[in-house]
$ cat final.cif   # mmCIF, C-alpha atoms
data_my_file
loop_
_atom_site.group_PDB
_atom_site.id
_atom_site.type_symbol
_atom_site.label_atom_id
_atom_site.label_comp_id
_atom_site.auth_asym_id
_atom_site.auth_seq_id
_atom_site.Cartn_x
_atom_site.Cartn_y
_atom_site.Cartn_z
ATOM 1 C CA MET A 20 -1.172 8.732 -40.508
ATOM 2 C CA ARG A 21 0.894 9.117 -43.681
ATOM 3 C CA ASN A 22 1.673 12.742 -42.784
ATOM 4 C CA ASN A 23 2.810 11.645 -39.327
ATOM 5 C CA HIS A 24 5.195 9.094 -40.849
ATOM 6 C CA LEU A 25 6.473 11.695 -43.326
ATOM 7 C CA GLY A 26 6.977 14.208 -40.542
ATOM 8 C CA SER A 27 8.901 11.662 -38.473
ATOM 9 C CA PHE A 28 11.072 10.787 -41.473
ATOM 10 C CA LEU A 29 11.883 14.433 -42.175
ATOM 11 C CA LEU A 30 12.732 14.959 -38.515
ATOM 12 C CA LEU A 31 15.164 12.028 -38.609
ATOM 13 C CA VAL A 32 16.789 13.421 -41.751
ATOM 14 C CA LEU A 33 17.156 16.869 -40.234
ATOM 15 C CA LEU A 34 18.631 15.437 -37.047
ATOM 16 C CA ALA A 35 21.140 13.445 -39.083
ATOM 17 C CA ILE A 36 22.392 16.408 -41.122
ATOM 18 C CA PRO A 37 24.764 17.880 -38.469
ATOM 19 C CA GLN A 38 26.430 14.478 -37.932
ATOM 20 C CA ILE A 39 26.966 14.022 -41.669
ATOM 21 C CA SER A 40 28.319 17.547 -41.874
ATOM 22 C CA PHE A 41 30.810 16.929 -39.050
ATOM 23 C CA ALA A 42 32.051 13.695 -40.598
ATOM 24 C CA THR A 43 32.485 15.221 -44.040
ATOM 25 C CA SER A 44 34.104 18.378 -42.706
ATOM 26 C CA SER A 45 36.463 16.355 -40.514
ATOM 27 C CA GLU A 46 37.511 14.038 -43.341
ATOM 28 C CA GLN A 47 38.166 17.024 -45.578
ATOM 29 C CA THR A 48 40.288 18.616 -42.858
ATOM 30 C CA TRP A 49 42.500 15.528 -42.524
ATOM 31 C CA GLN A 50 42.914 15.389 -46.301
ATOM 32 C CA LYS A 51 43.760 19.078 -46.558
ATOM 33 C CA LEU A 52 46.487 18.793 -43.941
ATOM 34 C CA ARG A 53 48.575 17.139 -46.648
ATOM 35 C CA PRO A 54 49.660 19.717 -49.240
ATOM 36 C CA ASN A 55 49.620 18.958 -52.948
ATOM 37 C CA LEU A 56 53.252 18.153 -53.650
ATOM 38 C CA ALA A 57 54.878 17.136 -56.894
ATOM 39 C CA PRO A 58 55.076 13.324 -57.079
ATOM 40 C CA PHE A 59 58.493 11.721 -56.804
ATOM 41 C CA ASN A 60 59.874 8.363 -57.845
ATOM 42 C CA ASP A 61 59.731 5.884 -54.971
ATOM 43 C CA PRO A 62 60.909 2.506 -56.307
ATOM 44 C CA PHE A 63 60.455 0.871 -52.907
ATOM 45 C CA LYS A 64 56.666 1.158 -53.226
ATOM 46 C CA GLN A 65 56.780 -1.391 -56.026
ATOM 47 C CA LEU A 66 58.231 -4.060 -53.735
ATOM 48 C CA THR A 67 56.171 -6.571 -51.811
ATOM 49 C CA GLN A 68 56.653 -6.947 -48.061
ATOM 50 C CA PRO A 69 58.708 -10.179 -48.460
ATOM 51 C CA GLN A 70 60.917 -8.396 -51.007
ATOM 52 C CA LEU A 71 61.400 -5.474 -48.627
ATOM 53 C CA ASP A 72 62.279 -7.940 -45.871
ATOM 54 C CA ASP A 73 64.852 -9.653 -48.113
ATOM 55 C CA LEU A 74 66.328 -6.313 -49.128
ATOM 56 C CA GLY A 75 66.575 -5.275 -45.479
ATOM 57 C CA TYR A 76 68.287 -8.550 -44.628
ATOM 58 C CA PHE A 77 70.699 -8.050 -47.539
ATOM 59 C CA VAL A 78 71.619 -4.578 -46.246
ATOM 60 C CA ALA A 79 72.155 -5.858 -42.689
ATOM 61 C CA LEU A 80 74.203 -8.794 -43.960
ATOM 62 C CA SER A 81 76.347 -6.515 -46.126
ATOM 63 C CA GLU A 82 76.998 -4.194 -43.191
ATOM 64 C CA ASP A 83 77.993 -7.153 -41.004
ATOM 65 C CA ILE A 84 80.400 -8.421 -43.664
ATOM 66 C CA THR A 85 81.997 -4.986 -44.048
ATOM 67 C CA LEU A 86 82.457 -4.730 -40.276
ATOM 68 C CA ILE A 87 83.925 -8.232 -39.994
ATOM 69 C CA GLU A 88 86.333 -7.639 -42.880
ATOM 70 C CA SER A 89 87.664 -4.519 -41.166
ATOM 71 C CA GLN A 90 87.888 -5.926 -37.636
ATOM 72 C CA ALA A 91 88.167 -9.719 -37.916
ATOM 73 C CA PRO A 92 89.094 -10.699 -41.487
ATOM 74 C CA ASN A 93 89.992 -14.235 -40.391
ATOM 75 C CA TYR A 94 86.553 -14.935 -38.934
ATOM 76 C CA LYS A 95 85.836 -18.514 -39.971
ATOM 77 C CA LYS A 96 82.198 -17.914 -40.907
ATOM 78 C CA LEU A 97 82.974 -14.971 -43.179
ATOM 79 C CA PRO A 98 82.967 -17.076 -46.399
ATOM 80 C CA GLU A 99 79.591 -18.527 -45.415
ATOM 81 C CA LEU A 100 78.163 -15.049 -44.886
ATOM 82 C CA LYS A 101 79.455 -13.942 -48.281
ATOM 83 C CA LEU A 102 77.793 -16.930 -49.926
ATOM 84 C CA LYS A 103 74.493 -15.968 -48.276
ATOM 85 C CA GLN A 104 74.952 -12.400 -49.465
ATOM 86 C CA THR A 105 75.565 -13.498 -53.053
ATOM 87 C CA ALA A 106 72.654 -15.955 -53.037
ATOM 88 C CA LEU A 107 70.295 -13.322 -51.653
ATOM 89 C CA GLU A 108 71.361 -10.755 -54.238
ATOM 90 C CA GLN A 109 70.864 -13.290 -57.034
ATOM 91 C CA GLU A 110 67.416 -14.162 -55.690
ATOM 92 C CA LEU A 111 66.414 -10.500 -55.714
ATOM 93 C CA GLN A 112 67.828 -10.019 -59.205
ATOM 94 C CA SER A 113 65.802 -13.012 -60.426
ATOM 95 C CA GLN A 114 62.726 -10.971 -59.420
ATOM 96 C CA ASN A 115 63.927 -8.031 -61.540
ATOM 97 C CA ILE A 116 65.061 -6.115 -58.468
ATOM 98 C CA ASN A 117 68.139 -3.985 -59.043
ATOM 99 C CA VAL A 118 69.716 -4.056 -55.599
ATOM 100 C CA ASN A 119 72.484 -1.548 -56.339
ATOM 101 C CA TYR A 120 70.010 0.949 -57.789
ATOM 102 C CA LEU A 121 67.669 0.646 -54.814
ATOM 103 C CA LEU A 122 70.496 1.137 -52.347
ATOM 104 C CA SER A 123 71.669 4.213 -54.262
ATOM 105 C CA GLN A 124 68.141 5.650 -53.974
ATOM 106 C CA ARG A 125 67.631 4.846 -50.302
ATOM 107 C CA LYS A 126 68.784 8.150 -48.780
ATOM 108 C CA ILE A 127 67.144 10.194 -51.537
ATOM 109 C CA VAL A 128 63.778 8.498 -51.032
ATOM 110 C CA MET A 129 64.009 8.756 -47.241
ATOM 111 C CA GLN A 130 64.664 12.490 -47.528
ATOM 112 C CA LYS A 131 61.754 13.024 -49.918
ATOM 113 C CA ARG A 132 59.421 10.940 -47.763
ATOM 114 C CA GLU A 133 60.347 12.999 -44.717
ATOM 115 C CA GLN A 134 59.779 16.233 -46.621
ATOM 116 C CA ALA A 135 56.344 15.013 -47.739
ATOM 117 C CA ALA A 136 55.438 13.852 -44.222
ATOM 118 C CA THR A 137 56.377 17.149 -42.559
ATOM 119 C CA ALA A 138 55.122 19.554 -45.234
ATOM 120 C CA THR A 139 52.195 21.748 -44.196
ATOM 121 C CA ASN A 140 49.445 23.161 -46.359
ATOM 122 C CA PRO A 141 49.461 26.987 -46.365
ATOM 123 C CA GLU A 142 45.928 27.009 -47.784
ATOM 124 C CA ILE A 143 44.458 25.525 -44.605
ATOM 125 C CA ILE A 144 46.240 27.928 -42.273
ATOM 126 C CA ASN A 145 43.867 30.829 -41.828
ATOM 127 C CA SER A 146 43.472 32.832 -38.641
ATOM 128 C CA SER A 147 39.789 33.498 -39.312
ATOM 129 C CA THR A 148 38.612 30.030 -40.392
ATOM 130 C CA LYS A 149 37.624 27.408 -37.843
ATOM 131 C CA HIS A 150 38.090 23.768 -38.777
ATOM 132 C CA THR A 151 36.178 20.775 -37.466
ATOM 133 C CA VAL A 152 38.207 17.612 -37.028
ATOM 134 C CA SER A 153 37.410 14.230 -35.467
ATOM 135 C CA GLY A 154 39.942 11.806 -34.077
ATOM 136 C CA TYR A 155 41.482 10.296 -30.987
ATOM 137 C CA LEU A 156 43.375 12.079 -28.252
ATOM 138 C CA VAL A 157 46.795 10.847 -27.174
ATOM 139 C CA PRO A 158 47.391 12.651 -23.856
ATOM 140 C CA ILE A 159 50.703 14.386 -23.255
ATOM 141 C CA GLU A 160 49.930 16.104 -19.958
ATOM 142 C CA ILE A 161 47.173 15.152 -17.521
ATOM 143 C CA GLU A 162 46.320 17.193 -14.440
ATOM 144 C CA ASN A 163 43.527 16.426 -11.960
ATOM 145 C CA ASN A 164 42.274 13.709 -14.323
ATOM 146 C CA ALA A 165 41.840 16.234 -17.134
ATOM 147 C CA ILE A 166 43.893 16.408 -20.320
ATOM 148 C CA LYS A 167 46.009 19.554 -20.508
ATOM 149 C CA THR A 168 47.741 18.874 -23.836
ATOM 150 C CA ALA A 169 47.439 16.053 -26.351
ATOM 151 C CA PHE A 170 48.026 14.888 -29.883
ATOM 152 C CA LEU A 171 44.942 14.446 -32.047
ATOM 153 C CA VAL A 172 45.216 11.597 -34.574
ATOM 154 C CA LYS A 173 42.753 10.297 -37.144
ATOM 155 C CA ASP A 174 42.831 6.571 -36.328
ATOM 156 C CA SER A 175 42.607 4.970 -32.919
ATOM 157 C CA PRO A 176 46.037 4.401 -31.340
ATOM 158 C CA TYR A 177 44.402 2.089 -28.809
ATOM 159 C CA PHE A 178 43.641 -0.685 -31.301
ATOM 160 C CA VAL A 179 46.877 -2.653 -31.663
ATOM 161 C CA VAL A 180 47.115 -5.921 -33.597
ATOM 162 C CA ALA A 181 50.017 -8.290 -32.883
ATOM 163 C CA HIS A 182 51.991 -5.463 -31.254
ATOM 164 C CA GLN A 183 52.149 -3.560 -34.550
ATOM 165 C CA HIS A 184 52.479 0.126 -33.702
ATOM 166 C CA HIS A 185 52.159 2.899 -36.231
ATOM 167 C CA VAL A 186 52.627 6.592 -35.511
ATOM 168 C CA PRO A 187 50.854 8.921 -37.968
ATOM 169 C CA GLN A 188 52.926 11.198 -40.148
ATOM 170 C CA PRO A 189 53.674 14.624 -38.654
ATOM 171 C CA ASN A 190 51.227 16.362 -41.007
ATOM 172 C CA GLN A 191 48.546 13.911 -39.896
ATOM 173 C CA THR A 192 49.104 14.719 -36.225
ATOM 174 C CA ILE A 193 47.713 17.806 -34.492
ATOM 175 C CA TYR A 194 48.948 19.218 -31.195
ATOM 176 C CA VAL A 195 46.042 20.413 -29.049
ATOM 177 C CA ASP A 196 46.012 22.596 -25.943
ATOM 178 C CA LEU A 197 42.998 21.501 -23.897
ATOM 179 C CA SER A 198 43.857 23.264 -20.644
ATOM 180 C CA LYS A 199 40.599 25.258 -20.774
ATOM 181 C CA SER A 200 38.367 22.415 -21.936
ATOM 182 C CA ASN A 201 38.228 20.097 -18.897
ATOM 183 C CA ILE A 202 38.166 16.957 -21.036
ATOM 184 C CA MET A 203 38.880 13.617 -19.367
ATOM 185 C CA PRO A 204 41.114 10.892 -20.846
ATOM 186 C CA SER A 205 39.145 8.565 -23.097
ATOM 187 C CA LYS A 206 39.722 5.997 -25.813
ATOM 188 C CA GLU A 207 36.633 7.225 -27.663
ATOM 189 C CA LYS A 208 36.567 9.525 -30.681
ATOM 190 C CA VAL A 209 36.201 13.263 -30.154
ATOM 191 C CA THR A 210 35.218 16.058 -32.511
ATOM 192 C CA LEU A 211 36.955 19.383 -31.992
ATOM 193 C CA SER A 212 36.735 22.759 -33.646
ATOM 194 C CA GLY A 213 39.396 25.427 -33.695
ATOM 195 C CA LEU A 214 41.932 27.462 -35.617
ATOM 196 C CA LEU A 215 44.721 25.566 -37.350
ATOM 197 C CA ASN A 216 48.263 26.820 -37.286
ATOM 198 C CA THR A 217 51.713 25.356 -37.792
ATOM 199 C CA ASP A 218 53.879 24.081 -34.966
ATOM 200 C CA ASP A 219 56.659 21.583 -34.343
ATOM 201 C CA VAL A 220 56.017 19.393 -31.310
ATOM 202 C CA LYS A 221 57.820 16.115 -30.630
ATOM 203 C CA LYS A 222 57.121 13.814 -27.694
ATOM 204 C CA ASN A 223 58.027 10.255 -26.769
ATOM 205 C CA LEU A 224 54.925 8.637 -25.310
ATOM 206 C CA LYS A 225 54.066 5.106 -24.261
ATOM 207 C CA SER A 226 51.263 3.115 -25.836
ATOM 208 C CA ALA A 227 48.658 1.122 -23.932
ATOM 209 C CA ASP A 228 50.954 -1.929 -24.015
ATOM 210 C CA ASN A 229 53.936 0.135 -22.814
ATOM 211 C CA HIS A 230 55.559 0.480 -26.237
ATOM 212 C CA GLU A 231 57.469 3.728 -26.750
ATOM 213 C CA MET A 232 56.057 5.870 -29.554
ATOM 214 C CA ASN A 233 57.701 8.925 -31.102
ATOM 215 C CA TYR A 234 54.981 11.427 -31.952
ATOM 216 C CA HIS A 235 55.644 14.498 -34.065
ATOM 217 C CA ALA A 236 53.058 17.153 -34.943
ATOM 218 C CA VAL A 237 53.546 20.011 -37.393
ATOM 219 C CA TYR A 238 50.063 21.440 -36.774
ATOM 220 C CA LYS A 239 48.334 22.787 -33.700
ATOM 221 C CA LEU A 240 44.661 23.488 -33.020
ATOM 222 C CA GLU A 241 43.969 26.704 -31.121
ATOM 223 C CA ASN A 242 40.868 28.225 -29.487
ATOM 224 C CA VAL A 243 39.493 24.718 -29.163
ATOM 225 C CA THR A 244 35.803 23.949 -28.784
ATOM 226 C CA ILE A 245 34.627 20.415 -28.012
ATOM 227 C CA ILE A 246 31.858 19.599 -30.470
ATOM 228 C CA GLU A 247 31.310 15.983 -29.482
ATOM 229 C CA GLN A 248 32.897 13.293 -27.341
ATOM 230 C CA GLN A 249 31.633 9.770 -27.877
ATOM 231 C CA GLY A 250 30.788 7.905 -24.717
ATOM 232 C CA ASP A 251 29.546 11.013 -22.910
#
$ encode --input "final.cif" --output "structure tokens"
Amino acid sequence: MRNNHLGSFLLLVLLAIPQISFATSSEQTWQKLRPNLAPFNDPFKQLTQPQLDDLGYFVALSEDITLIESQAPNYKKLPELKLKQTALEQELQSQNINVNYLLSQRKIVMQKREQAATATNPEIINSSTKHTVSGYLVPIEIENNAIKTAFLVKDSPYFVVAHQHHVPQPNQTIYVDLSKSNIMPSKEKVTLSGLLNTDDVKKNLKSADNHEMNYHAVYKLENVTIIEQQGD
């Protein structure tokens, strides 16, 4: 009896090994899509969300004031807007936030963030190495109820909380040609295997709640094999 239980246990372990392997391999693939870049100073990461909101409001208010001063300098509410601007700047400064410094860094940080988000990892691009990756398909083209092309993303784009939509970074988005795979649209996770290469694909797609999303992929998966599709 003990041997039977031991045999059953070993069988369960052996059956579980491929699933563990897929998950680990997939997670490693997503991580490797991001190259190791030199860190850069991003002072905005130190701000809380309310502080970012206040800074954004300060920028919008400042732009409005500049526009009014150039087009309608006698606008009666202009002094009131300037008082709000000053009060908001003082409030931020009381929290040790250097508004002028942050605004001077805005374009620099945006450029560096974009470079980091679109950078590809040359070490993972290999014509002879197949990579296994799990994620969710965002269809681009559908023909005869089968996905022809799609974006593969790590996290489900179908789970939206309070209409908050987030598009993955370009180097966390993979363009996939599935024209030979006969895979049907699904909100379930899929596991694919194929050759990774670089690409530059941009598409405006609509989410499940009809919100427009701007997807951008700098990778593509070629010679695709479907390893697993949940729900099948």
$ residues_around --input "final.cif" --residues "Glu133 of chain A" --least-positions-apart "6" --cutoff "12 Å" --atoms "all atoms listed in the file" --output "PyMOL selection string"
chain A and resi 126-127+139+188-190+235
$ resolve_selection --input "final.cif" --expression "the PyMOL selection byres ((chain A and resi 231) around 12)" --output "PyMOL selection string"
chain A and resi 182-186+222-230+232-234
$ axis_aligned_box --input "final.cif" --around "segment 148-154 of chain A" --padding-each-side "3 Å" --output "JSON"
{"center_x": 38.1, "center_y": 20.9, "center_z": -37.2, "size_x": 9.8, "size_y": 24.2, "size_z": 12.3}
$ resolve_selection --input "final.cif" --expression "the PyMOL selection byres ((chain A and resi 151) around 6)" --output "PyMOL selection string"
chain A and resi 45+150+152+211-212
$ atom_distance --input "final.cif" --atom1 "atom CA of Leu215 of chain A" --atom2 "atom CA of Ser200 of chain A"
17.0 Å
$ resolve_selection --input "final.cif" --expression "the PyMOL selection byres ((chain A and resi 81-86) around 10)" --output "PDB file with C-alpha atoms, keeping the file's coordinate frame"
ATOM      1  CA  GLY A  75      66.575  -5.275 -45.479  1.00  0.00           C
ATOM      2  CA  TYR A  76      68.287  -8.550 -44.628  1.00  0.00           C
ATOM      3  CA  PHE A  77      70.699  -8.050 -47.539  1.00  0.00           C
ATOM      4  CA  VAL A  78      71.619  -4.578 -46.246  1.00  0.00           C
ATOM      5  CA  ALA A  79      72.155  -5.858 -42.689  1.00  0.00           C
ATOM      6  CA  LEU A  80      74.203  -8.794 -43.960  1.00  0.00           C
ATOM      7  CA  ILE A  87      83.925  -8.232 -39.994  1.00  0.00           C
ATOM      8  CA  GLU A  88      86.333  -7.639 -42.880  1.00  0.00           C
ATOM      9  CA  SER A  89      87.664  -4.519 -41.166  1.00  0.00           C
ATOM     10  CA  GLN A  90      87.888  -5.926 -37.636  1.00  0.00           C
ATOM     11  CA  ALA A  91      88.167  -9.719 -37.916  1.00  0.00           C
ATOM     12  CA  PRO A  92      89.094 -10.699 -41.487  1.00  0.00           C
ATOM     13  CA  LEU A  97      82.974 -14.971 -43.179  1.00  0.00           C
ATOM     14  CA  PRO A  98      82.967 -17.076 -46.399  1.00  0.00           C
ATOM     15  CA  LEU A 100      78.163 -15.049 -44.886  1.00  0.00           C
ATOM     16  CA  LYS A 101      79.455 -13.942 -48.281  1.00  0.00           C
ATOM     17  CA  LYS A 103      74.493 -15.968 -48.276  1.00  0.00           C
ATOM     18  CA  GLN A 104      74.952 -12.400 -49.465  1.00  0.00           C
ATOM     19  CA  THR A 105      75.565 -13.498 -53.053  1.00  0.00           C
TER      20      THR A 105
END
$ residues_around --input "final.cif" --residues "Ile116 of chain A" --least-positions-apart "3" --cutoff "12 Å" --atoms "all atoms listed in the file" --output "PyMOL selection string"
chain A and resi 62-63+65-67+70-71+73-74+107-113+119-122
$ atom_distance --input "final.cif" --atom1 "atom CA of Glu241 of chain A" --atom2 "atom CA of Gly213 of chain A"
5.4 Å
$ closest_residue --input "final.cif" --among "A:Glu247, A:Glu46, A:Asn216, A:Pro204" --to "Ile144 of chain A" --atoms "all atoms listed in the file"
A:Asn216
$ atom_distance --input "final.cif" --atom1 "atom CA of Lys149 of chain A" --atom2 "atom CA of Thr48 of chain A"
10.5 Å
$ closest_residue --input "final.cif" --among "A:Asn140, A:Pro158, A:Ser198, A:Asp174" --to "Pro54 of chain A" --atoms "all atoms listed in the file"
A:Asn140
$ closest_residue --input "final.cif" --among "A:Phe178, A:Tyr155, A:Phe59, A:Tyr94" --to "Gln124 of chain A" --atoms "all atoms listed in the file"
A:Phe59
$ closest_residue --input "final.cif" --among "A:Leu52, A:Ala57, A:Ala136, A:Ile166" --to "Met203 of chain A" --atoms "only C-alpha atoms"
A:Ile166
$ closest_residue --input "final.cif" --among "A:Asn242, A:Thr168, A:Gln248, A:Ser153" --to "Ser205 of chain A" --atoms "all atoms listed in the file"
A:Gln248
$ residues_around --input "final.cif" --residues "Pro58 of chain A" --least-positions-apart "6" --cutoff "12 Å" --atoms "all atoms listed in the file" --output "PyMOL selection string"
chain A and resi 128+131-132+134-135
$ residues_around --input "final.cif" --residues "Ala169 of chain A" --least-positions-apart "6" --cutoff "9 Å" --atoms "only C-alpha atoms" --output "VMD selection string"
chain A and resid 156 to 161 193 to 197
$ build_atoms --input "final.cif" --residues "segment 187-197 of chain A" --atoms "all heavy atoms" --output "compact mmCIF listing (two decimals), in the coordinates of the input"
# COMPACT_ATOMS: atom_id res chain seq x y z
N PRO A 187 51.22 8.17 -36.76
CA PRO A 187 50.85 8.92 -37.97
C PRO A 187 51.98 9.87 -38.40
O PRO A 187 52.83 10.26 -37.59
CB PRO A 187 49.62 9.71 -37.53
CG PRO A 187 49.14 9.05 -36.29
CD PRO A 187 50.33 8.45 -35.63
N GLN A 188 51.95 10.23 -39.65
CA GLN A 188 52.93 11.20 -40.15
C GLN A 188 52.73 12.54 -39.44
O GLN A 188 51.62 12.86 -38.99
CB GLN A 188 52.78 11.36 -41.66
CG GLN A 188 53.16 10.12 -42.44
CD GLN A 188 53.02 10.31 -43.94
OE1 GLN A 188 52.30 11.18 -44.41
NE2 GLN A 188 53.72 9.49 -44.70
N PRO A 189 53.78 13.34 -39.35
CA PRO A 189 53.67 14.62 -38.65
C PRO A 189 52.56 15.53 -39.17
O PRO A 189 51.92 16.23 -38.39
CB PRO A 189 55.05 15.26 -38.88
CG PRO A 189 55.97 14.08 -39.00
CD PRO A 189 55.19 13.04 -39.73
N ASN A 190 52.30 15.51 -40.50
CA ASN A 190 51.23 16.36 -41.01
C ASN A 190 49.86 15.67 -40.95
O ASN A 190 48.89 16.16 -41.52
CB ASN A 190 51.52 16.88 -42.42
CG ASN A 190 51.72 15.77 -43.43
OD1 ASN A 190 51.40 14.61 -43.19
ND2 ASN A 190 52.27 16.13 -44.59
N GLN A 191 49.81 14.55 -40.22
CA GLN A 191 48.55 13.91 -39.90
C GLN A 191 48.40 13.80 -38.38
O GLN A 191 47.65 12.96 -37.86
CB GLN A 191 48.46 12.53 -40.54
CG GLN A 191 48.32 12.56 -42.05
CD GLN A 191 46.99 13.14 -42.51
OE1 GLN A 191 45.95 12.51 -42.38
NE2 GLN A 191 47.01 14.36 -43.04
N THR A 192 49.13 14.66 -37.69
CA THR A 192 49.10 14.72 -36.22
C THR A 192 48.94 16.18 -35.81
O THR A 192 49.66 17.05 -36.31
CB THR A 192 50.40 14.14 -35.63
OG1 THR A 192 50.64 12.83 -36.16
CG2 THR A 192 50.33 14.07 -34.12
N ILE A 193 48.00 16.43 -34.91
CA ILE A 193 47.71 17.81 -34.49
C ILE A 193 47.95 17.93 -32.99
O ILE A 193 47.42 17.15 -32.20
CB ILE A 193 46.25 18.19 -34.82
CG1 ILE A 193 45.96 17.99 -36.31
CG2 ILE A 193 45.97 19.63 -34.41
CD1 ILE A 193 44.50 18.17 -36.67
N TYR A 194 48.74 18.91 -32.61
CA TYR A 194 48.95 19.22 -31.20
C TYR A 194 47.79 20.08 -30.71
O TYR A 194 47.40 21.05 -31.37
CB TYR A 194 50.27 19.95 -31.01
CG TYR A 194 50.52 20.45 -29.61
CD1 TYR A 194 50.89 19.57 -28.59
CD2 TYR A 194 50.39 21.80 -29.30
CE1 TYR A 194 51.13 20.03 -27.30
CE2 TYR A 194 50.62 22.27 -28.02
CZ TYR A 194 50.99 21.38 -27.03
OH TYR A 194 51.21 21.84 -25.75
N VAL A 195 47.22 19.71 -29.56
CA VAL A 195 46.04 20.41 -29.05
C VAL A 195 46.26 20.83 -27.60
O VAL A 195 46.67 20.01 -26.76
CB VAL A 195 44.78 19.52 -29.12
CG1 VAL A 195 43.54 20.33 -28.79
CG2 VAL A 195 44.63 18.88 -30.49
N ASP A 196 45.99 22.09 -27.32
CA ASP A 196 46.01 22.60 -25.94
C ASP A 196 44.58 22.56 -25.42
O ASP A 196 43.71 23.29 -25.90
CB ASP A 196 46.56 24.02 -25.91
CG ASP A 196 46.72 24.55 -24.49
OD1 ASP A 196 46.14 23.96 -23.55
OD2 ASP A 196 47.42 25.56 -24.31
N LEU A 197 44.35 21.69 -24.44
CA LEU A 197 43.00 21.50 -23.90
C LEU A 197 42.90 21.98 -22.45
O LEU A 197 42.00 21.56 -21.72
CB LEU A 197 42.62 20.02 -23.98
CG LEU A 197 42.50 19.45 -25.40
CD1 LEU A 197 42.53 17.93 -25.37
CD2 LEU A 197 41.23 19.93 -26.07
